[in-house]
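J.: One file: run-v1.cif (mmCIF, C-alpha atoms).
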data_final
#
loop_
_atom_site.label_atom_id
_atom_site.label_comp_id
_atom_site.auth_asym_id
_atom_site.auth_seq_id
_atom_site.Cartn_x
_atom_site.Cartn_y
_atom_site.Cartn_z
CA MET H 1 118.02 109.65 109.34
CA PRO H 2 121.42 109.57 111.14
CA PRO H 3 123.83 106.81 110.00
CA GLU H 4 123.79 105.22 113.48
CA ALA H 5 119.98 104.91 113.28
CA ASN H 6 120.25 103.19 109.92
CA HIS H 7 122.82 100.81 111.39
CA ARG H 8 120.57 99.98 114.35
CA ASN H 9 117.61 99.29 112.07
CA ASP H 10 119.72 97.13 109.79
CA CYS H 11 121.00 95.11 112.75
CA ALA H 12 117.48 94.71 114.10
CA ALA H 13 116.28 93.53 110.70
CA ARG H 14 119.05 90.94 110.57
CA ILE H 15 118.17 89.73 114.08
CA ASP H 16 114.48 89.44 113.15
CA ALA H 17 115.39 87.49 110.03
CA ARG H 18 117.54 85.12 112.11
CA PHE H 19 114.61 84.49 114.47
CA LEU H 20 112.34 83.80 111.51
CA LEU H 21 114.93 81.52 109.96
CA ARG H 22 115.12 79.37 113.09
CA GLY H 23 111.37 78.89 113.09
CA LEU H 24 110.52 78.88 109.40
CA GLY H 25 113.55 76.79 108.49
CA VAL H 26 112.13 74.03 110.66
CA LEU H 27 108.81 74.39 108.85
CA GLY H 28 110.60 73.74 105.57
CA LEU H 29 111.80 70.42 106.95
CA PHE H 30 108.39 69.72 108.43
CA LEU H 31 106.76 70.08 105.02
CA VAL H 32 109.10 67.55 103.47
CA ILE H 33 108.89 65.16 106.41
CA VAL H 34 105.12 65.15 105.99
CA GLY H 35 105.75 64.41 102.33
CA PRO H 36 103.38 63.02 99.70
CA SER H 37 100.63 60.62 100.74
CA LEU H 38 100.16 57.64 98.48
CA MET H 39 96.69 56.27 97.89
CA LEU H 40 95.77 52.61 98.29
CA GLY H 41 94.18 52.12 94.91
CA GLN H 42 90.83 51.36 96.48
CA SER H 43 87.43 52.39 95.16
CA GLY H 44 86.73 56.11 95.37
CA SER H 45 83.23 55.58 96.75
CA ALA H 46 82.55 56.90 100.26
CA LEU H 47 82.70 54.46 103.14
CA ARG H 48 80.22 54.25 105.99
CA LEU H 49 82.35 55.04 108.99
CA GLY H 50 81.82 53.22 112.24
CA PRO H 51 83.95 52.66 115.36
CA ARG H 52 87.46 51.76 114.31
CA ASP H 53 90.52 50.76 116.27
CA THR H 54 93.17 53.52 116.13
CA ALA H 55 96.00 51.03 115.77
CA GLN H 56 94.24 49.48 112.79
CA ILE H 57 93.86 52.86 111.06
CA VAL H 58 97.51 53.71 111.66
CA ALA H 59 98.72 50.29 110.56
CA GLN H 60 96.73 50.61 107.34
CA LEU H 61 98.12 54.08 106.72
CA VAL H 62 101.72 53.03 107.34
CA ARG H 63 101.48 49.73 105.47
CA ASN H 64 100.03 51.22 102.33
CA THR H 65 102.29 54.27 102.33
CA ARG H 66 105.30 51.98 102.38
CA SER H 67 103.96 49.49 99.87
CA ARG H 68 102.96 52.22 97.38
CA SER H 69 105.99 54.48 97.76
CA ALA H 70 107.52 52.97 94.63
CA LEU H 71 104.61 54.28 92.53
CA LEU H 72 105.75 57.88 92.56
CA LYS H 73 108.65 57.87 90.12
CA HIS H 74 108.85 61.47 88.99
CA PHE H 75 107.05 64.78 88.90
CA ASP H 76 107.62 68.42 88.11
CA GLY H 77 105.72 71.12 89.92
CA CYS H 78 105.62 74.81 90.74
CA ARG H 79 105.58 76.46 94.16
CA ARG H 80 104.84 80.00 95.14
CA TYR H 81 106.30 81.08 98.50
CA SER H 82 104.88 84.28 100.00
CA LEU H 83 106.22 85.59 103.32
CA ASP H 84 104.90 88.64 105.16
CA TYR H 85 106.44 89.92 108.37
CA THR H 86 104.90 92.64 110.55
CA GLY H 87 106.59 93.97 113.67
CA PHE H 88 109.76 95.58 114.96
CA PRO H 89 111.51 97.42 113.36
CA SER H 90 109.29 97.46 110.25
CA GLY H 91 107.15 95.26 108.06
CA LYS H 92 108.76 93.26 105.26
CA SER H 93 107.52 90.90 102.58
CA ALA H 94 109.03 88.61 99.99
CA GLU H 95 107.90 86.20 97.32
CA MET H 96 109.66 83.40 95.47
CA VAL H 97 108.45 81.14 92.66
CA VAL H 98 110.29 77.83 92.34
CA ASN H 99 110.20 75.02 89.80
CA VAL H 100 110.57 71.66 91.59
CA ARG H 101 111.65 68.37 90.07
CA PHE H 102 111.31 65.13 92.04
CA ASP H 103 112.90 61.78 91.15
CA ALA H 104 112.45 58.63 93.23
CA PRO H 105 113.41 57.62 95.76
CA ALA H 106 114.33 60.97 97.35
CA GLN H 107 115.92 63.45 94.98
CA LYS H 108 114.75 67.01 94.39
CA GLN H 109 116.04 69.79 92.20
CA PHE H 110 114.97 73.40 92.69
CA ARG H 111 115.13 76.19 90.14
CA ILE H 112 114.17 79.67 91.26
CA VAL H 113 112.02 81.26 88.57
CA ARG H 114 111.25 84.59 90.21
CA GLU H 115 111.98 86.41 93.46
CA ASP H 116 110.65 89.75 94.67
CA GLY H 117 110.70 91.81 97.85
CA SER H 118 112.99 91.90 100.87
CA ARG H 119 116.42 90.48 100.07
CA ILE H 120 117.04 89.52 103.69
CA LEU H 121 113.83 87.44 103.81
CA ILE H 122 114.59 85.86 100.45
CA ASN H 123 118.20 84.97 101.27
CA ARG H 124 117.92 84.20 104.99
CA VAL H 125 114.48 82.56 105.09
CA LEU H 126 112.99 81.45 101.76
CA LYS H 127 116.20 80.11 100.24
CA GLU H 128 117.04 78.43 103.55
CA LEU H 129 113.72 76.58 103.30
CA LEU H 130 114.95 74.99 100.09
CA ALA H 131 118.31 74.11 101.65
CA ASN H 132 116.61 72.54 104.66
CA GLU H 133 114.30 70.57 102.39
CA GLN H 134 117.32 69.00 100.75
CA GLU H 135 118.65 68.07 104.19
CA ALA H 136 115.33 66.44 105.10
CA LEU H 137 115.65 64.03 102.19
CA ASP H 138 118.45 62.23 104.00
CA GLU H 139 117.32 58.66 104.71
CA GLN H 140 118.13 58.87 108.40
CA ASN H 141 116.04 62.02 108.79
CA ARG H 142 113.14 60.44 106.93
CA ASN H 143 113.17 57.35 109.15
CA ARG H 144 113.28 59.36 112.38
CA THR H 145 110.41 61.63 111.38
CA ALA H 146 108.07 59.33 109.47
CA LEU H 147 104.43 59.23 110.55
CA THR H 148 104.71 55.86 112.31
CA PRO H 149 104.03 54.43 115.80
CA GLU H 150 107.79 54.45 116.40
CA ASN H 151 107.83 58.25 116.20
CA TYR H 152 104.29 59.22 117.25
CA GLU H 153 101.48 58.34 119.60
CA PHE H 154 98.04 58.30 117.97
CA GLN H 155 94.61 58.81 119.48
CA PHE H 156 91.24 58.59 117.72
CA ALA H 157 89.53 62.03 117.79
CA GLY H 158 86.44 61.46 115.64
CA VAL H 159 85.28 61.57 112.05
CA ASP H 160 84.87 64.39 109.55
CA VAL H 161 84.13 65.05 105.88
CA VAL H 162 86.57 66.97 103.67
CA ASP H 163 85.52 67.80 100.10
CA GLY H 164 82.79 65.19 100.35
CA ARG H 165 85.18 62.43 101.44
CA PRO H 166 84.89 60.74 104.88
CA GLN H 167 87.90 61.18 107.14
CA TYR H 168 89.26 59.68 110.33
CA VAL H 169 90.62 62.41 112.61
CA LEU H 170 93.59 61.43 114.78
CA GLU H 171 95.47 63.36 117.42
CA VAL H 172 99.23 62.87 117.10
CA ALA H 173 101.90 63.47 119.73
CA PRO H 174 105.63 62.98 119.18
CA ARG H 175 107.48 60.38 121.24
CA SER H 176 110.53 62.66 121.42
CA LYS H 177 111.21 66.38 121.28
CA ASN H 178 112.82 66.16 117.89
CA LYS H 179 112.49 69.64 116.38
CA PHE H 180 111.38 68.11 113.08
CA LEU H 181 108.37 66.32 114.58
CA TYR H 182 105.00 67.94 115.28
CA ARG H 183 101.92 67.65 117.49
CA GLY H 184 98.33 68.27 116.52
CA LYS H 185 95.69 66.58 114.38
CA ILE H 186 95.76 64.71 111.09
CA TRP H 187 92.86 63.84 108.80
CA VAL H 188 93.14 60.40 107.19
CA ASP H 189 91.05 59.78 104.09
CA ALA H 190 88.88 56.75 104.92
CA THR H 191 88.89 55.45 101.36
CA ASP H 192 92.54 55.83 100.43
CA PHE H 193 94.08 55.90 103.93
CA ALA H 194 96.15 58.93 102.98
CA VAL H 195 96.73 62.08 105.03
CA SER H 196 94.54 64.83 103.57
CA ARG H 197 95.05 67.59 106.12
CA ILE H 198 97.30 68.50 109.06
CA SER H 199 96.77 71.10 111.77
CA ALA H 200 99.81 71.16 114.03
CA GLU H 201 102.69 72.93 115.68
CA PRO H 202 106.37 71.90 115.96
CA ALA H 203 107.05 69.45 118.78
CA LYS H 204 109.99 71.54 119.92
CA ASN H 205 110.20 75.30 119.82
CA PRO H 206 113.10 75.99 117.42
CA SER H 207 114.13 79.17 119.23
CA PHE H 208 113.48 81.11 122.44
CA TRP H 209 112.55 84.03 120.21
CA ILE H 210 109.71 82.09 118.60
CA SER H 211 106.70 82.02 120.93
CA HIS H 212 104.36 79.91 118.79
CA THR H 213 103.95 78.49 115.30
CA GLN H 214 100.70 77.14 113.86
CA ILE H 215 100.76 75.07 110.67
CA GLU H 216 97.82 74.26 108.40
CA HIS H 217 98.70 71.86 105.59
CA GLU H 218 96.35 70.55 102.90
CA TYR H 219 96.68 67.78 100.33
CA GLY H 220 94.83 67.10 97.10
CA LYS H 221 94.33 63.90 95.14
CA PHE H 222 96.08 63.70 91.78
CA GLY H 223 95.36 60.41 90.07
CA ASP H 224 96.98 57.77 92.28
CA PHE H 225 98.65 60.23 94.64
CA TRP H 226 97.91 62.71 97.39
CA LEU H 227 100.28 65.68 97.18
CA PRO H 228 100.53 69.05 98.95
CA VAL H 229 98.35 71.85 97.57
CA ARG H 230 98.52 74.54 100.24
CA ASN H 231 100.35 75.47 103.42
CA VAL H 232 99.75 78.39 105.77
CA SER H 233 102.14 78.80 108.69
CA VAL H 234 101.89 81.64 111.21
CA THR H 235 104.86 82.27 113.50
CA LYS H 236 104.75 84.63 116.49
CA VAL H 237 108.05 86.30 117.46
CA ARG H 238 108.52 87.24 121.13
CA LEU H 239 109.49 90.80 120.19
CA GLY H 240 105.91 91.23 119.00
CA GLY H 241 106.29 90.42 115.32
CA THR H 242 104.29 87.96 113.24
CA ALA H 243 105.44 86.08 110.15
CA LYS H 244 102.90 84.48 107.82
CA LEU H 245 104.19 82.04 105.25
CA ASN H 246 101.96 80.85 102.41
CA ILE H 247 103.04 78.10 100.03
CA ASP H 248 100.91 77.21 97.02
CA TYR H 249 101.75 74.00 95.15
CA LEU H 250 100.75 74.28 91.50
CA ASN H 251 100.66 72.40 88.23
CA TYR H 252 101.99 68.91 88.98
CA ILE H 253 103.31 67.22 85.85
CA PHE H 254 103.87 63.48 86.29
CA GLY H 255 106.32 61.23 84.48
CA MET H 256 107.56 57.67 84.83
CA SER H 257 111.26 58.45 85.05
CA ALA H 258 113.88 61.17 85.31
CA LYS H 259 114.11 61.18 81.51
CA THR H 260 111.39 63.80 81.28
CA PRO H 261 112.82 66.62 79.12
CA ALA H 262 114.85 69.09 81.15
CA ASP H 263 112.98 72.02 79.59
CA VAL H 264 109.67 71.08 81.24
CA ASP H 265 108.55 74.28 82.93
CA ALA H 266 105.77 73.71 85.45
CA CYS H 267 105.92 77.34 86.52
CA GLY H 268 105.68 78.55 82.95
CA THR H 269 102.45 76.66 82.37
CA ALA H 270 101.18 77.85 85.75
CA SER H 271 101.99 81.50 85.06
CA SER H 272 98.37 82.52 84.58
CA LYS H 273 97.51 81.18 88.05
CA LEU H 274 100.44 83.04 89.59
CA GLN H 275 99.57 86.33 87.93
CA SER H 276 95.88 86.15 88.77
CA SER H 277 96.66 85.83 92.50
CA GLU H 278 98.94 88.85 92.66
#
Would you mind writing the file out in structure tokens?
T.:
Amino acid sequence: MPPEANHRNDCAARIDARFLLRGLGVLGLFLVIVGPSLMLGQSGSALRLGPRDTAQIVAQLVRNTRSRSALLKHFDGCRRYSLDYTGFPSGKSAEMVVNVRFDAPAQKQFRIVREDGSRILINRVLKELLANEQEALDEQNRNRTALTPENYEFQFAGVDVVDGRPQYVLEVAPRSKNKFLYRGKIWVDATDFAVSRISAEPAKNPSFWISHTQIEHEYGKFGDFWLPVRNVSVTKVRLGGTAKLNIDYLNYIFGMSAKTPADVDACGTASSKLQSSE
């Protein structure tokens, strides 16, 4: 292939990565803004759901999230990021495994355990997700993007059952076009009043070159907490490409303080799960 053709392809690849970064970087912030959902400490038995005032559901969700936020002192966990891009000029894929350490109130440390695939996707997209997540921990960002009536409008959309647990389904719409807010539906566990699922898109398109992004985010219950377990985000690029980002959250290890030994390796103990999915 002539050198000028290689140069054109390399430039096109960099442009595609920049488009993905603008969209997927926002998703990294979105995932942190959504954050962990704290349970209420109520009985785990299913409730009989009847008509319920939306404001009452939201108030219960907000009140208990705030009052229980102090419960989550520390955890270690493992994440597997998998990004596949198909489109002009060629398909690319990348994977990154990251050990995550959280300490209250809003401190995270990331340690990359393994990275494979396209260097441009790893450096310009996946690693930028981690950098943006750190930015999202800023108190001002957290206040402006919290799931509260100050930032969102809520509308009752019905009831559902997820994993045998009754859920209130609410439609959410942002009150501003902040690029870190989202619109769509949330599922609120009727027993714990914690968000168990989100189906949404960013409130503001992060780039002209991104035509649409759909986000599916799931939580699981771990003792007293609801934490992310899976995220699938599909981004359509106007040039015709599609980027699919999968994030699996594995092997939460809880502790009461930051004094947990530094050699705790959540990804090491989750290695069998990572290998079996390859």
J.: Would you compute the box with edges along x, y and z of the file around segment 221-228 of chain H, including every atom the file lists for it and 5 Å extra on each side, and give its centre and edge lengths in Å to one decimal, as AutoDock Vina command-line options?
T.:
--center_x 97.4 --center_y 63.4 --center_z 94.5 --size_x 16.2 --size_y 21.3 --size_z 18.9
J.: Near His217 of chain H, within 9 Å and counting all atoms listed in the file, which residues show up once chain neighbours fewer than 3 positions away are dropped, as a list in words?
T.: Leu31, Ser196, Arg197, Ile198, Ser199, Ala200, Pro228, Val229, Arg230, Asn231, Val232 and Ser233 of chain H
J.: Using all atoms listed in the file for the distances, tell me which of H:Gly268, H:Asn151, H:Glu95, H:Lys221 is nearest to Asp163 of chain H.
T.: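 When distances to Asp163 of chain H are compared using all atoms listed in the file, the smallest one comes from H:Lys221.
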J.: Using all atoms listed in the file, which of the listed residues (H:Phe180, H:Val188, H:Glu201, H:Glu218) sits closest to Gly158 of chain H?
T.: H:Val188
J.: Would you translate the PyMOL selection byres ((chain H and resi 250-254) around 7) into the concrete set of residues it matches in this file, as a list in words?
T.: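 Taken over the shown coordinates, the PyMOL selection byres ((chain H and resi 250-254) around 7) returns His74, Phe75, Asp76, Gly77, Cys78, Arg79, Val229, Asp248, Tyr249, Gly255, Ala266 and Ala270 of chain H.
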J.: Using C-alpha atoms, can you export the residues from the last selection as a compact mmCIF listing (two decimals), in the coordinates of the input?
T.:
# COMPACT_ATOMS: atom_id res chain seq x y z
CA HIS H 74 108.85 61.47 88.99
CA PHE H 75 107.05 64.78 88.90
CA ASP H 76 107.62 68.42 88.11
CA GLY H 77 105.72 71.12 89.92
CA CYS H 78 105.62 74.81 90.74
CA ARG H 79 105.58 76.46 94.16
CA VAL H 229 98.35 71.85 97.57
CA ASP H 248 100.91 77.21 97.02
CA TYR H 249 101.75 74.00 95.15
CA GLY H 255 106.32 61.23 84.48
CA ALA H 266 105.77 73.71 85.45
CA ALA H 270 101.18 77.85 85.75
J.: Distance atom CA of Lys185 of chain H-atom CA of Leu170 of chain H, one decimal place?
T.: 5.6 Å
J.: Expressed in Å to a single decimal, how great is the separation between atom CA of Tyr152 of chain H and atom CA of Ala106 of chain H?
T.: 22.4 Å
J.: Have a look at atom CA of Gln167 of chain H and atom CA of Gly184 of chain H and let me know their distance in Å, one decimal.
T.: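 Separation of atom CA of Gln167 of chain H and atom CA of Gly184 of chain H: 15.7 Å.
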J.: Using only C-alpha atoms, can you tell me which of H:Ala243, H:Ile210, H:Ala190, H:Leu72 comes closest to Gly164 of chain H?
T.: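 Once distances to Gly164 of chain H are computed over only C-alpha atoms, the minimum belongs to H:Ala190.
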J.: Tell me which residues the PyMOL selection byres ((chain H and resi 111-124) around 8) grabs here, as a list in words.
T.: Arg14, Ala17, Arg18, Leu21, Leu83, Lys92, Ser93, Ala94, Glu95, Met96, Val97, Val98, Asn99, Val100, Gln109, Phe110, Val125, Leu126, Lys127, Glu128 and Cys267 of chain H
J.: Pick out the closest residue to Asp53 of chain H from this set: H:Gln140, H:Thr65, H:Gln155, H:Ser82. Count all atoms listed in the file.
T.: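 Of all the options, H:Gln155 lies closest to Asp53 of chain H.
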J.: Calculated over only C-alpha atoms, which of the candidates H:Ile247, H:Val195, H:Ile215, H:Val264 has the smallest distance to Leu227 of chain H?
T.: H:Val195
J.: For the provided coordinates, the residues matched by the PyMOL selection byres ((chain H and resi 211) around 6) should be stated as a PyMOL selection string.
T.: chain H and resi 210+212+236-238
J.: Measuring between all atoms listed in the file, which one of H:Lys244, H:Lys179, H:Arg63, H:Arg165 shows the shortest distance to Pro149 of chain H?
T.: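 Result for the nearest residue to Pro149 of chain H: H:Arg63.
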